[in-house]
Structure formats: C-alpha cells, structure tokens
Protein chains: 2
Amino acid sequence: MRRDLVTAAVNLFTAQGYDETTVDDIAASAGVGRRTFFRYFKGKEDAVSPDHELGLARIAEVFATAHPTEPLLSVVLRAGETVFDLYLSDPGTARKRFALVHEVPALRDREAAMVHRYRRLFTKELAARLAGVEDGDLRAAVTGAAVVAAHNQALRRWLADGGTSEGTEACRAHFRKVADMLPLEQAPDLEQVARRLERAARSLERRA
Amino acid sequence: MRRDLVTAAVNLFTAQGYDETTVDDIAASAGVGRRTFFRYFKGKEDAVSPDHELGLARIAEVFATAHPTEPLLSVVLRAGETVFDLYLSDPGTARKRFALVHEVPALRDREAAMVHRYRRLFTKELAARLAGVEDGDLRAAVTGAAVVAAHNQALRRWLADGGTSEGTEACRAHFRKVADMLPLEQAPDLEQVARRLERAARSLERRA
DNA sequence: TGTTGAATGGCACGGAGTGCCGTTAGAGTG
DNA sequence: CACTCTAACGGCACTCCGTGCCATTCAACA
C-alpha cells in the first residue's frame, strides 16, 4: 500500500512535475482516497524517500552495538555502509529520487533537512565517544559533518555515473578513501609524532 | 517596513507559538494587509532570519575578491567572519532567532536548508581552488562541510553562553581553532614534516 | 449471529500562498 | 494648483495542503 503510493507519487512527479501534481492525483492514481494518503505520509513531500527513518535507525543501531574497543573510524565506516546498502538495494528508484530531489526546490530542502538529521546523529555519537578528548565536541561536529559530506559525495558520484550495480564497491571504496582524510585519529597522532621526532632530532643534533 | 514585519513576527512567534500565529496576525500587528506580507517575504518561514541571502552574497564576494596568492585557509576564515559579523551586529535578535529555530520544527528544517546552501557555496569555491589537486572535489566537499560545521559550532556555543558581546572575539578564536583541524593545507604538510623528520632522525641515529 | 476494532473515505474547516484588480499616495510636470 | 503617471497597498477569490470528525466497511472472534 505504502509502496503503491510511493510509486504513484514518483511517477506523477517525474511525468507532470511536483507542483503540478496534487495529493488527490496521487491518491486517485493509487486507487485510494485523499484522506488515506495522509494516514501513510506526514505530507506530500514524504511520498518520496520514506526510508530515511530506517536509515537513521540503522546508524544508531551500529553505534549502539559496536564493541567499545573497535576503532572509531571503523564504526563510522560500518554505519555509513548500512545506509549505502539502503540505496544500493534499489538502484532504479534511487536514480529517480535523485533526479527529483535535485530539481524540485521543496524536495531539495526536505533532503537537506534529512541530511541535517544524519549529521546530528553522527555528531552525537562521535561526541559521546570523544568525551574527555581536548575539544571533543568540536572534533565531533567537524568530523560528523565531514563523514556525511563524504557519504553524500560518494553516493552522488555513484548516481551520476549511472547508478550501475557494478559501481557499488567503487562507491564504498570512495567513501573509505574520503573517510581516510578525516581528522579522527590520524591528525592528532601525526602532530604528536611530528613533535616527538622534532625533539628527538634536536637532541641528536646537540649530541652530534 | 521589512524590519517591522520581522520584529512583529518574532515577537508573536515567541509569545504565542509558531503554529498558533497566522500570517494575518503578523500583518495586523505590523499594521499592514495580509497581501503586503507576501510581497516582502516568500512565506511565513522567511519572516525569521531574512539575512541569509546577504550572508551568502558576502561569502561569495570574499572569495571573488580574494587575491590568488592568499592561502586558502585565510580566505575561508575571512569568509566565515563576515557571516559572524552579521550575527554579532545584533546579538539580541540573534538569541531570539536561535531559540525559535531550535524549537520549531518548520524553522529548524528551513535553517537546515539554508546551512545546506552555505555548505554548497563553500564547497563550490573550494573545488574551484582545488582543481588539479588529487581528489580535489572530494576534499572540497569534506572541507566545505567541516568549515560550515565549525562555524555553526562556534555560533552555537556563543549563543548558548548568552550571546554577550564580550564573547565575540572568543567566538572568532573558536572558529579559527576548529578551522585549524581541517584537512586543508595542514594535514599534507604535517605528513610531509613527519616523513622529513623521520628521515632526519634515522640519519642522525646512524651517525651517532 | 452479534460485536468489536481497525482501516477507509467522505466532509468540512482553517490556513498558506497566489493572481487579479481597484484604490491610493506621492513624485514629477504644465 | 490641477493633471498624470507610477508604484505600492489591500481586498477578494481561488487552489491546495493538512487535519479533525464521523459514518461505513470488513474481517476476526466469541
């Protein structure tokens, strides 16, 4: 039933435009009444991509069930990949949604709001795991935003390349590559290593 | 006139709630007709924080007029601070807006959409300046998101601390500190420094 | 067979946003 | 002062979104 309404909405939106399609059109196309539509969706915009709640829940689950000793970057990557799987499981509708979201202002704004929730979730989980670290919540905010941006960048490239199923592994590799440049464990370690080596070099120089 | 409508809207929203305030209420409170309201604002949500277009324009101007040899981090910091000035110039209404935006879902979503536009702008400008660099647009996307997150984090902390005008310099310092952990020039340089120092240490050790 | 509960759909209402048009104020001419 | 022209204003009416209310249907169950 939900599925029927979603497909009807996506088809009508792509065929005759978002603003030109009324909720009555969608309901009639799915063979139900207008009132029933609003029982399944909070609004007209929700008829496209109703899976975000599921994605958020899966990310939260990954963080909740992760072993405390697992490296933070590993947890983040696993959380991101669960969302990938949601998209990769249905590349066809993912492409249609992508096109719609990127040309209809109302849907673009709604997508931005959802991305905002993803970012907030990552930031919250990272902050909980960076408690005590110097500027922990700052690092969490910056890293959370970077993670979500990397994720979106990987998805966008995959979709721009046609959304073929062969590219799914490239999509994941892309996300990992971007995640490697995040300021998680890497940056502080490098700084520390540099300082330590600098001191060692100076002391050795004095000895020589 | 715009200003009257904005203050009327903010006051009514805070006093009796967003959903409970109609556009007629706002227009009547400002002494104009309902139709006039929609000539000044695209919608009810625009009556709060109508300065985002100006902020986006100022950022674009900073990037457009920056000298080509100026370090990228410096340009980013200057662009961010022009937006700070927009908030810091009127701390009182900034606090009211902050409270409203963070408790009204519709305004929160709209704010997220605006943050999305800021992020897109930074990403675009960074990508143009990272052309040719390995994974330039990936770095641009990640860095743009990180910059905006750092900016928001600094603003949020400033507002959470009461939004006093004495904290404006602390706000800027905060933004700079967070920007320092961004993967712009720093991370590659650090890596290079570490490798160079490692080699120097090994050669000194062999000599000793 | 009677009953209960959940899903449905029709109806009506309030509010957002928009097009149209008459009215008015205010600036610039003779 | 009288006239005109332009731009903003405000009222009116309309479409559509979203929601509360209620009657209907249908299936499960005692």
# chains A, B, ... in the order shown; residues from 1 in each chain; ligands from 1
>>> calpha_fit_and_write(fixed="chain A", moving="chain B", output="PDB file with C-alpha atoms, in the first residue's frame")
ATOM      1  CA  MET B   1       0.592  -0.546  -0.559  1.00  0.00           C
ATOM      2  CA  ARG B   2       3.169   1.996   0.580  1.00  0.00           C
ATOM      3  CA  ARG B   3       5.326   0.804  -2.277  1.00  0.00           C
ATOM      4  CA  ASP B   4       2.514   1.335  -4.789  1.00  0.00           C
ATOM      5  CA  LEU B   5       1.996   4.873  -3.577  1.00  0.00           C
ATOM      6  CA  VAL B   6       5.710   5.648  -3.698  1.00  0.00           C
ATOM      7  CA  THR B   7       6.132   4.389  -7.248  1.00  0.00           C
ATOM      8  CA  ALA B   8       2.990   6.178  -8.357  1.00  0.00           C
ATOM      9  CA  ALA B   9       4.197   9.415  -6.810  1.00  0.00           C
ATOM     10  CA  VAL B  10       7.718   9.173  -8.242  1.00  0.00           C
ATOM     11  CA  ASN B  11       6.409   8.359 -11.697  1.00  0.00           C
ATOM     12  CA  LEU B  12       3.908  11.213 -11.692  1.00  0.00           C
ATOM     13  CA  PHE B  13       6.445  13.681 -10.302  1.00  0.00           C
ATOM     14  CA  THR B  14       8.996  12.844 -12.970  1.00  0.00           C
ATOM     15  CA  ALA B  15       6.402  12.739 -15.739  1.00  0.00           C
ATOM     16  CA  GLN B  16       4.419  15.917 -15.131  1.00  0.00           C
ATOM     17  CA  GLY B  17       6.307  17.781 -12.394  1.00  0.00           C
ATOM     18  CA  TYR B  18       5.977  18.012  -8.640  1.00  0.00           C
ATOM     19  CA  ASP B  19       3.811  21.109  -8.332  1.00  0.00           C
ATOM     20  CA  GLU B  20       1.590  19.971 -11.178  1.00  0.00           C
ATOM     21  CA  THR B  21       0.838  16.682  -9.407  1.00  0.00           C
ATOM     22  CA  THR B  22      -1.836  16.737  -6.723  1.00  0.00           C
ATOM     23  CA  VAL B  23      -2.225  14.218  -3.949  1.00  0.00           C
ATOM     24  CA  ASP B  24      -5.493  13.179  -5.576  1.00  0.00           C
ATOM     25  CA  ASP B  25      -3.550  12.266  -8.706  1.00  0.00           C
ATOM     26  CA  ILE B  26      -1.185  10.050  -6.714  1.00  0.00           C
ATOM     27  CA  ALA B  27      -3.983   8.379  -4.787  1.00  0.00           C
ATOM     28  CA  ALA B  28      -6.050   7.811  -7.914  1.00  0.00           C
ATOM     29  CA  SER B  29      -3.013   6.423  -9.753  1.00  0.00           C
ATOM     30  CA  ALA B  30      -2.501   3.929  -6.920  1.00  0.00           C
ATOM     31  CA  GLY B  31      -6.198   3.094  -6.841  1.00  0.00           C
ATOM     32  CA  VAL B  32      -6.894   4.395  -3.338  1.00  0.00           C
ATOM     33  CA  GLY B  33      -8.638   7.394  -1.866  1.00  0.00           C
ATOM     34  CA  ARG B  34      -7.032  10.679  -1.020  1.00  0.00           C
ATOM     35  CA  ARG B  35      -7.593  10.112   2.688  1.00  0.00           C
ATOM     36  CA  THR B  36      -5.688   6.848   2.582  1.00  0.00           C
ATOM     37  CA  PHE B  37      -2.603   8.566   1.197  1.00  0.00           C
ATOM     38  CA  PHE B  38      -2.344  10.732   4.294  1.00  0.00           C
ATOM     39  CA  ARG B  39      -2.609   7.641   6.476  1.00  0.00           C
ATOM     40  CA  TYR B  40       0.614   6.286   4.964  1.00  0.00           C
ATOM     41  CA  PHE B  41       2.576   9.547   4.604  1.00  0.00           C
ATOM     42  CA  LYS B  42       2.794  12.655   6.711  1.00  0.00           C
ATOM     43  CA  GLY B  43       2.622  14.800   3.605  1.00  0.00           C
ATOM     44  CA  LYS B  44       3.128  15.047  -0.117  1.00  0.00           C
ATOM     45  CA  GLU B  45       6.895  15.350   0.253  1.00  0.00           C
ATOM     46  CA  ASP B  46       7.159  12.085   2.184  1.00  0.00           C
ATOM     47  CA  ALA B  47       6.049  10.049  -0.817  1.00  0.00           C
ATOM     48  CA  VAL B  48       9.631  10.348  -2.120  1.00  0.00           C
ATOM     49  CA  SER B  49      12.343   8.662  -0.026  1.00  0.00           C
ATOM     50  CA  PRO B  50      10.345   7.325   2.923  1.00  0.00           C
ATOM     51  CA  ASP B  51      13.366   5.265   4.085  1.00  0.00           C
ATOM     52  CA  HIS B  52      15.174   7.943   6.034  1.00  0.00           C
ATOM     53  CA  GLU B  53      13.703   6.870   9.357  1.00  0.00           C
ATOM     54  CA  LEU B  54      15.057   3.397   8.707  1.00  0.00           C
ATOM     55  CA  GLY B  55      18.492   4.790   7.866  1.00  0.00           C
ATOM     56  CA  LEU B  56      18.582   6.817  11.057  1.00  0.00           C
ATOM     57  CA  ALA B  57      17.525   3.788  13.070  1.00  0.00           C
ATOM     58  CA  ARG B  58      20.266   1.647  11.529  1.00  0.00           C
ATOM     59  CA  ILE B  59      22.944   4.208  12.297  1.00  0.00           C
ATOM     60  CA  ALA B  60      21.763   4.410  15.886  1.00  0.00           C
ATOM     61  CA  GLU B  61      21.817   0.624  16.079  1.00  0.00           C
ATOM     62  CA  VAL B  62      25.411   0.430  14.833  1.00  0.00           C
ATOM     63  CA  PHE B  63      26.526   2.912  17.464  1.00  0.00           C
ATOM     64  CA  ALA B  64      24.507   1.195  20.184  1.00  0.00           C
ATOM     65  CA  THR B  65      25.855  -2.280  19.479  1.00  0.00           C
ATOM     66  CA  ALA B  66      29.471  -1.311  18.769  1.00  0.00           C
ATOM     67  CA  HIS B  67      32.076  -2.743  21.086  1.00  0.00           C
ATOM     68  CA  PRO B  68      33.567  -0.053  23.352  1.00  0.00           C
ATOM     69  CA  THR B  69      37.097  -0.829  22.238  1.00  0.00           C
ATOM     70  CA  GLU B  70      36.336  -0.545  18.524  1.00  0.00           C
ATOM     71  CA  PRO B  71      38.115   2.479  17.032  1.00  0.00           C
ATOM     72  CA  LEU B  72      35.771   5.402  16.510  1.00  0.00           C
ATOM     73  CA  LEU B  73      36.602   5.735  12.838  1.00  0.00           C
ATOM     74  CA  SER B  74      35.691   2.089  12.299  1.00  0.00           C
ATOM     75  CA  VAL B  75      32.282   2.546  13.904  1.00  0.00           C
ATOM     76  CA  VAL B  76      31.638   5.664  11.847  1.00  0.00           C
ATOM     77  CA  LEU B  77      32.539   3.843   8.644  1.00  0.00           C
ATOM     78  CA  ARG B  78      30.269   0.925   9.484  1.00  0.00           C
ATOM     79  CA  ALA B  79      27.395   3.274  10.322  1.00  0.00           C
ATOM     80  CA  GLY B  80      27.856   5.066   7.021  1.00  0.00           C
ATOM     81  CA  GLU B  81      27.949   1.858   5.045  1.00  0.00           C
ATOM     82  CA  THR B  82      24.621   0.656   6.413  1.00  0.00           C
ATOM     83  CA  VAL B  83      23.081   3.737   4.831  1.00  0.00           C
ATOM     84  CA  PHE B  84      24.959   3.042   1.626  1.00  0.00           C
ATOM     85  CA  ASP B  85      23.363  -0.381   1.524  1.00  0.00           C
ATOM     86  CA  LEU B  86      19.939   1.233   1.682  1.00  0.00           C
ATOM     87  CA  TYR B  87      20.693   3.166  -1.499  1.00  0.00           C
ATOM     88  CA  LEU B  88      22.705   0.487  -3.254  1.00  0.00           C
ATOM     89  CA  SER B  89      19.978  -2.102  -2.784  1.00  0.00           C
ATOM     90  CA  ASP B  90      17.783  -0.260  -5.296  1.00  0.00           C
ATOM     91  CA  PRO B  91      19.926   1.801  -7.680  1.00  0.00           C
ATOM     92  CA  GLY B  92      17.086   2.472 -10.123  1.00  0.00           C
ATOM     93  CA  THR B  93      14.791   4.322  -7.776  1.00  0.00           C
ATOM     94  CA  ALA B  94      17.832   5.913  -6.125  1.00  0.00           C
ATOM     95  CA  ARG B  95      18.630   7.582  -9.448  1.00  0.00           C
ATOM     96  CA  LYS B  96      15.039   8.740  -9.937  1.00  0.00           C
ATOM     97  CA  ARG B  97      14.921  10.148  -6.422  1.00  0.00           C
ATOM     98  CA  PHE B  98      18.261  11.884  -6.929  1.00  0.00           C
ATOM     99  CA  ALA B  99      17.024  13.653 -10.044  1.00  0.00           C
ATOM    100  CA  LEU B 100      13.766  14.680  -8.380  1.00  0.00           C
ATOM    101  CA  VAL B 101      15.341  15.904  -5.176  1.00  0.00           C
ATOM    102  CA  HIS B 102      17.852  18.040  -7.013  1.00  0.00           C
ATOM    103  CA  GLU B 103      15.424  19.903  -9.231  1.00  0.00           C
ATOM    104  CA  VAL B 104      12.355  20.356  -7.037  1.00  0.00           C
ATOM    105  CA  PRO B 105      12.924  23.061  -4.393  1.00  0.00           C
ATOM    106  CA  ALA B 106      10.464  21.607  -1.907  1.00  0.00           C
ATOM    107  CA  LEU B 107      12.084  18.168  -2.065  1.00  0.00           C
ATOM    108  CA  ARG B 108      15.560  19.706  -1.879  1.00  0.00           C
ATOM    109  CA  ASP B 109      14.621  21.503   1.315  1.00  0.00           C
ATOM    110  CA  ARG B 110      13.152  18.363   2.779  1.00  0.00           C
ATOM    111  CA  GLU B 111      16.295  16.433   1.905  1.00  0.00           C
ATOM    112  CA  ALA B 112      18.374  19.118   3.590  1.00  0.00           C
ATOM    113  CA  ALA B 113      16.269  18.710   6.714  1.00  0.00           C
ATOM    114  CA  MET B 114      16.866  14.960   6.669  1.00  0.00           C
ATOM    115  CA  VAL B 115      20.617  15.438   6.180  1.00  0.00           C
ATOM    116  CA  HIS B 116      20.443  17.730   9.167  1.00  0.00           C
ATOM    117  CA  ARG B 117      19.001  14.893  11.237  1.00  0.00           C
ATOM    118  CA  TYR B 118      21.733  12.511  10.088  1.00  0.00           C
ATOM    119  CA  ARG B 119      24.326  15.103  11.050  1.00  0.00           C
ATOM    120  CA  ARG B 120      22.738  15.612  14.448  1.00  0.00           C
ATOM    121  CA  LEU B 121      22.736  11.862  15.100  1.00  0.00           C
ATOM    122  CA  PHE B 122      26.401  11.420  14.196  1.00  0.00           C
ATOM    123  CA  THR B 123      27.282  14.480  16.258  1.00  0.00           C
ATOM    124  CA  LYS B 124      25.393  13.163  19.276  1.00  0.00           C
ATOM    125  CA  GLU B 125      27.005   9.744  19.133  1.00  0.00           C
ATOM    126  CA  LEU B 126      30.467  11.193  18.565  1.00  0.00           C
ATOM    127  CA  ALA B 127      30.032  13.655  21.415  1.00  0.00           C
ATOM    128  CA  ALA B 128      29.104  10.813  23.757  1.00  0.00           C
ATOM    129  CA  ARG B 129      32.327   9.018  22.786  1.00  0.00           C
ATOM    130  CA  LEU B 130      34.509  12.120  22.937  1.00  0.00           C
ATOM    131  CA  ALA B 131      33.375  13.086  26.435  1.00  0.00           C
ATOM    132  CA  GLY B 132      36.337  14.262  28.452  1.00  0.00           C
ATOM    133  CA  VAL B 133      38.441  14.952  25.384  1.00  0.00           C
ATOM    134  CA  GLU B 134      39.535  18.565  25.034  1.00  0.00           C
ATOM    135  CA  ASP B 135      36.836  20.417  23.072  1.00  0.00           C
ATOM    136  CA  GLY B 136      35.014  17.126  22.702  1.00  0.00           C
ATOM    137  CA  ASP B 137      31.683  18.490  21.534  1.00  0.00           C
ATOM    138  CA  LEU B 138      33.362  20.865  19.115  1.00  0.00           C
ATOM    139  CA  ARG B 139      35.241  17.978  17.561  1.00  0.00           C
ATOM    140  CA  ALA B 140      32.002  15.994  17.517  1.00  0.00           C
ATOM    141  CA  ALA B 141      30.122  18.746  15.678  1.00  0.00           C
ATOM    142  CA  VAL B 142      32.877  19.288  13.135  1.00  0.00           C
ATOM    143  CA  THR B 143      33.494  15.592  12.608  1.00  0.00           C
ATOM    144  CA  GLY B 144      29.805  14.732  12.367  1.00  0.00           C
ATOM    145  CA  ALA B 145      29.291  17.338   9.682  1.00  0.00           C
ATOM    146  CA  ALA B 146      32.382  16.138   7.840  1.00  0.00           C
ATOM    147  CA  VAL B 147      31.245  12.516   7.956  1.00  0.00           C
ATOM    148  CA  VAL B 148      27.839  13.314   6.522  1.00  0.00           C
ATOM    149  CA  ALA B 149      29.392  15.538   3.868  1.00  0.00           C
ATOM    150  CA  ALA B 150      31.795  12.779   2.889  1.00  0.00           C
ATOM    151  CA  HIS B 151      28.917  10.320   2.742  1.00  0.00           C
ATOM    152  CA  ASN B 152      26.854  12.610   0.529  1.00  0.00           C
ATOM    153  CA  GLN B 153      29.822  13.343  -1.675  1.00  0.00           C
ATOM    154  CA  ALA B 154      30.420   9.646  -2.244  1.00  0.00           C
ATOM    155  CA  LEU B 155      26.746   8.986  -2.971  1.00  0.00           C
ATOM    156  CA  ARG B 156      26.489  11.979  -5.268  1.00  0.00           C
ATOM    157  CA  ARG B 157      29.513  10.897  -7.295  1.00  0.00           C
ATOM    158  CA  TRP B 158      28.180   7.365  -7.535  1.00  0.00           C
ATOM    159  CA  LEU B 159      24.812   8.641  -8.761  1.00  0.00           C
ATOM    160  CA  ALA B 160      26.386  11.164 -11.137  1.00  0.00           C
ATOM    161  CA  ASP B 161      28.369   8.329 -12.707  1.00  0.00           C
ATOM    162  CA  GLY B 162      25.142   6.569 -13.535  1.00  0.00           C
ATOM    163  CA  GLY B 163      24.535   4.618 -10.352  1.00  0.00           C
ATOM    164  CA  THR B 164      25.767   1.351 -11.798  1.00  0.00           C
ATOM    165  CA  SER B 165      26.005  -1.514  -9.381  1.00  0.00           C
ATOM    166  CA  GLU B 166      29.672  -2.076 -10.271  1.00  0.00           C
ATOM    167  CA  GLY B 167      30.488   1.257  -8.678  1.00  0.00           C
ATOM    168  CA  THR B 168      29.228   0.316  -5.248  1.00  0.00           C
ATOM    169  CA  GLU B 169      32.619  -0.801  -4.040  1.00  0.00           C
ATOM    170  CA  ALA B 170      34.177   2.357  -5.484  1.00  0.00           C
ATOM    171  CA  CYS B 171      31.516   4.277  -3.573  1.00  0.00           C
ATOM    172  CA  ARG B 172      32.540   2.668  -0.309  1.00  0.00           C
ATOM    173  CA  ALA B 173      36.237   3.162  -1.064  1.00  0.00           C
ATOM    174  CA  HIS B 174      35.506   6.786  -1.812  1.00  0.00           C
ATOM    175  CA  PHE B 175      33.778   7.245   1.520  1.00  0.00           C
ATOM    176  CA  ARG B 176      36.683   5.606   3.325  1.00  0.00           C
ATOM    177  CA  LYS B 177      39.177   7.816   1.544  1.00  0.00           C
ATOM    178  CA  VAL B 178      37.312  10.950   2.505  1.00  0.00           C
ATOM    179  CA  ALA B 179      36.860   9.689   6.044  1.00  0.00           C
ATOM    180  CA  ASP B 180      40.627   9.338   6.261  1.00  0.00           C
ATOM    181  CA  MET B 181      41.013  13.088   6.096  1.00  0.00           C
ATOM    182  CA  LEU B 182      38.705  13.644   9.047  1.00  0.00           C
ATOM    183  CA  PRO B 183      40.035  15.103  12.255  1.00  0.00           C
ATOM    184  CA  LEU B 184      39.372  12.005  14.336  1.00  0.00           C
ATOM    185  CA  GLU B 185      42.332  10.047  15.612  1.00  0.00           C
ATOM    186  CA  GLN B 186      44.499  10.866  12.626  1.00  0.00           C
ATOM    187  CA  ALA B 187      45.276  14.518  13.127  1.00  0.00           C
ATOM    188  CA  PRO B 188      46.489  14.256  16.721  1.00  0.00           C
ATOM    189  CA  ASP B 189      48.471  11.124  15.896  1.00  0.00           C
ATOM    190  CA  LEU B 190      50.082  12.784  12.910  1.00  0.00           C
ATOM    191  CA  GLU B 191      51.056  15.727  15.042  1.00  0.00           C
ATOM    192  CA  GLN B 192      52.515  13.449  17.640  1.00  0.00           C
ATOM    193  CA  VAL B 193      54.384  11.451  15.010  1.00  0.00           C
ATOM    194  CA  ALA B 194      55.759  14.652  13.529  1.00  0.00           C
ATOM    195  CA  ARG B 195      57.014  15.900  16.888  1.00  0.00           C
ATOM    196  CA  ARG B 196      58.517  12.555  17.762  1.00  0.00           C
ATOM    197  CA  LEU B 197      60.261  12.302  14.411  1.00  0.00           C
ATOM    198  CA  GLU B 198      61.483  15.844  14.671  1.00  0.00           C
ATOM    199  CA  ARG B 199      63.081  15.115  18.030  1.00  0.00           C
ATOM    200  CA  ALA B 200      64.610  11.898  16.694  1.00  0.00           C
ATOM    201  CA  ALA B 201      66.004  13.717  13.680  1.00  0.00           C
ATOM    202  CA  ARG B 202      67.564  16.426  15.841  1.00  0.00           C
ATOM    203  CA  SER B 203      69.174  13.910  18.180  1.00  0.00           C
ATOM    204  CA  LEU B 204      70.511  11.909  15.247  1.00  0.00           C
ATOM    205  CA  GLU B 205      71.844  15.112  13.704  1.00  0.00           C
ATOM    206  CA  ARG B 206      73.653  15.993  16.891  1.00  0.00           C
ATOM    207  CA  ARG B 207      75.190  12.508  17.006  1.00  0.00           C
ATOM    208  CA  ALA B 208      76.315  12.747  13.378  1.00  0.00           C
TER     209      ALA B 208
END
>>> interface_residues(of="chain D", to="chain A", cutoff="12 Å", atoms="only C-alpha atoms (C1' of nucleotides)", output="ChimeraX atom specification")
/D:15-20
>>> atom_distance(atom1="atom C1' of DC9 of chain D", atom2="atom C1' of DT24 of chain C")
7.7 Å
>>> atom_distance(atom1="atom C1' of DT4 of chain D", atom2="atom C1' of DC20 of chain C")
23.7 Å
>>> residues_around(residues="segment 24-26 of chain D", least_positions_apart="4", cutoff="10 Å", atoms="only C-alpha atoms (C1' of nucleotides)", output="number ranges by chain")
C: 6-10
>>> interface_residues(of="chain C", to="chain B", cutoff="9 Å", atoms="only C-alpha atoms (C1' of nucleotides)", output="MDAnalysis selection string")
chainID C and resid 15:17
>>> residues_around(residues="DT29 of chain C", least_positions_apart="5", cutoff="12 Å", atoms="only C-alpha atoms (C1' of nucleotides)", output="compact mmCIF listing (two decimals) with C-alpha atoms (C1' of nucleotides), in the first residue's frame")
# COMPACT_ATOMS: atom_id res chain seq x y z
C1' DA D 2 -4.55 70.81 -11.46
C1' DC D 3 -3.13 66.76 -14.00
C1' DT D 4 -0.80 62.46 -14.79
C1' DC D 5 1.79 58.57 -14.01
>>> select_by_dssp(residues="segment 4-197 of chain B", states="alpha helix (DSSP H)", output="MDAnalysis selection string")
chainID B and resid 4:16 23:30 34:40 52:65 72:88 91:101 105:129 136:160 168:180 186:197
>>> residues_around(residues="DT3 of chain C", least_positions_apart="6", cutoff="12 Å", atoms="only C-alpha atoms (C1' of nucleotides)", output="ChimeraX atom specification")
/D:27-30
>>> atom_distance(atom1="atom C1' of DG22 of chain C", atom2="atom C1' of DA7 of chain D")
14.3 Å
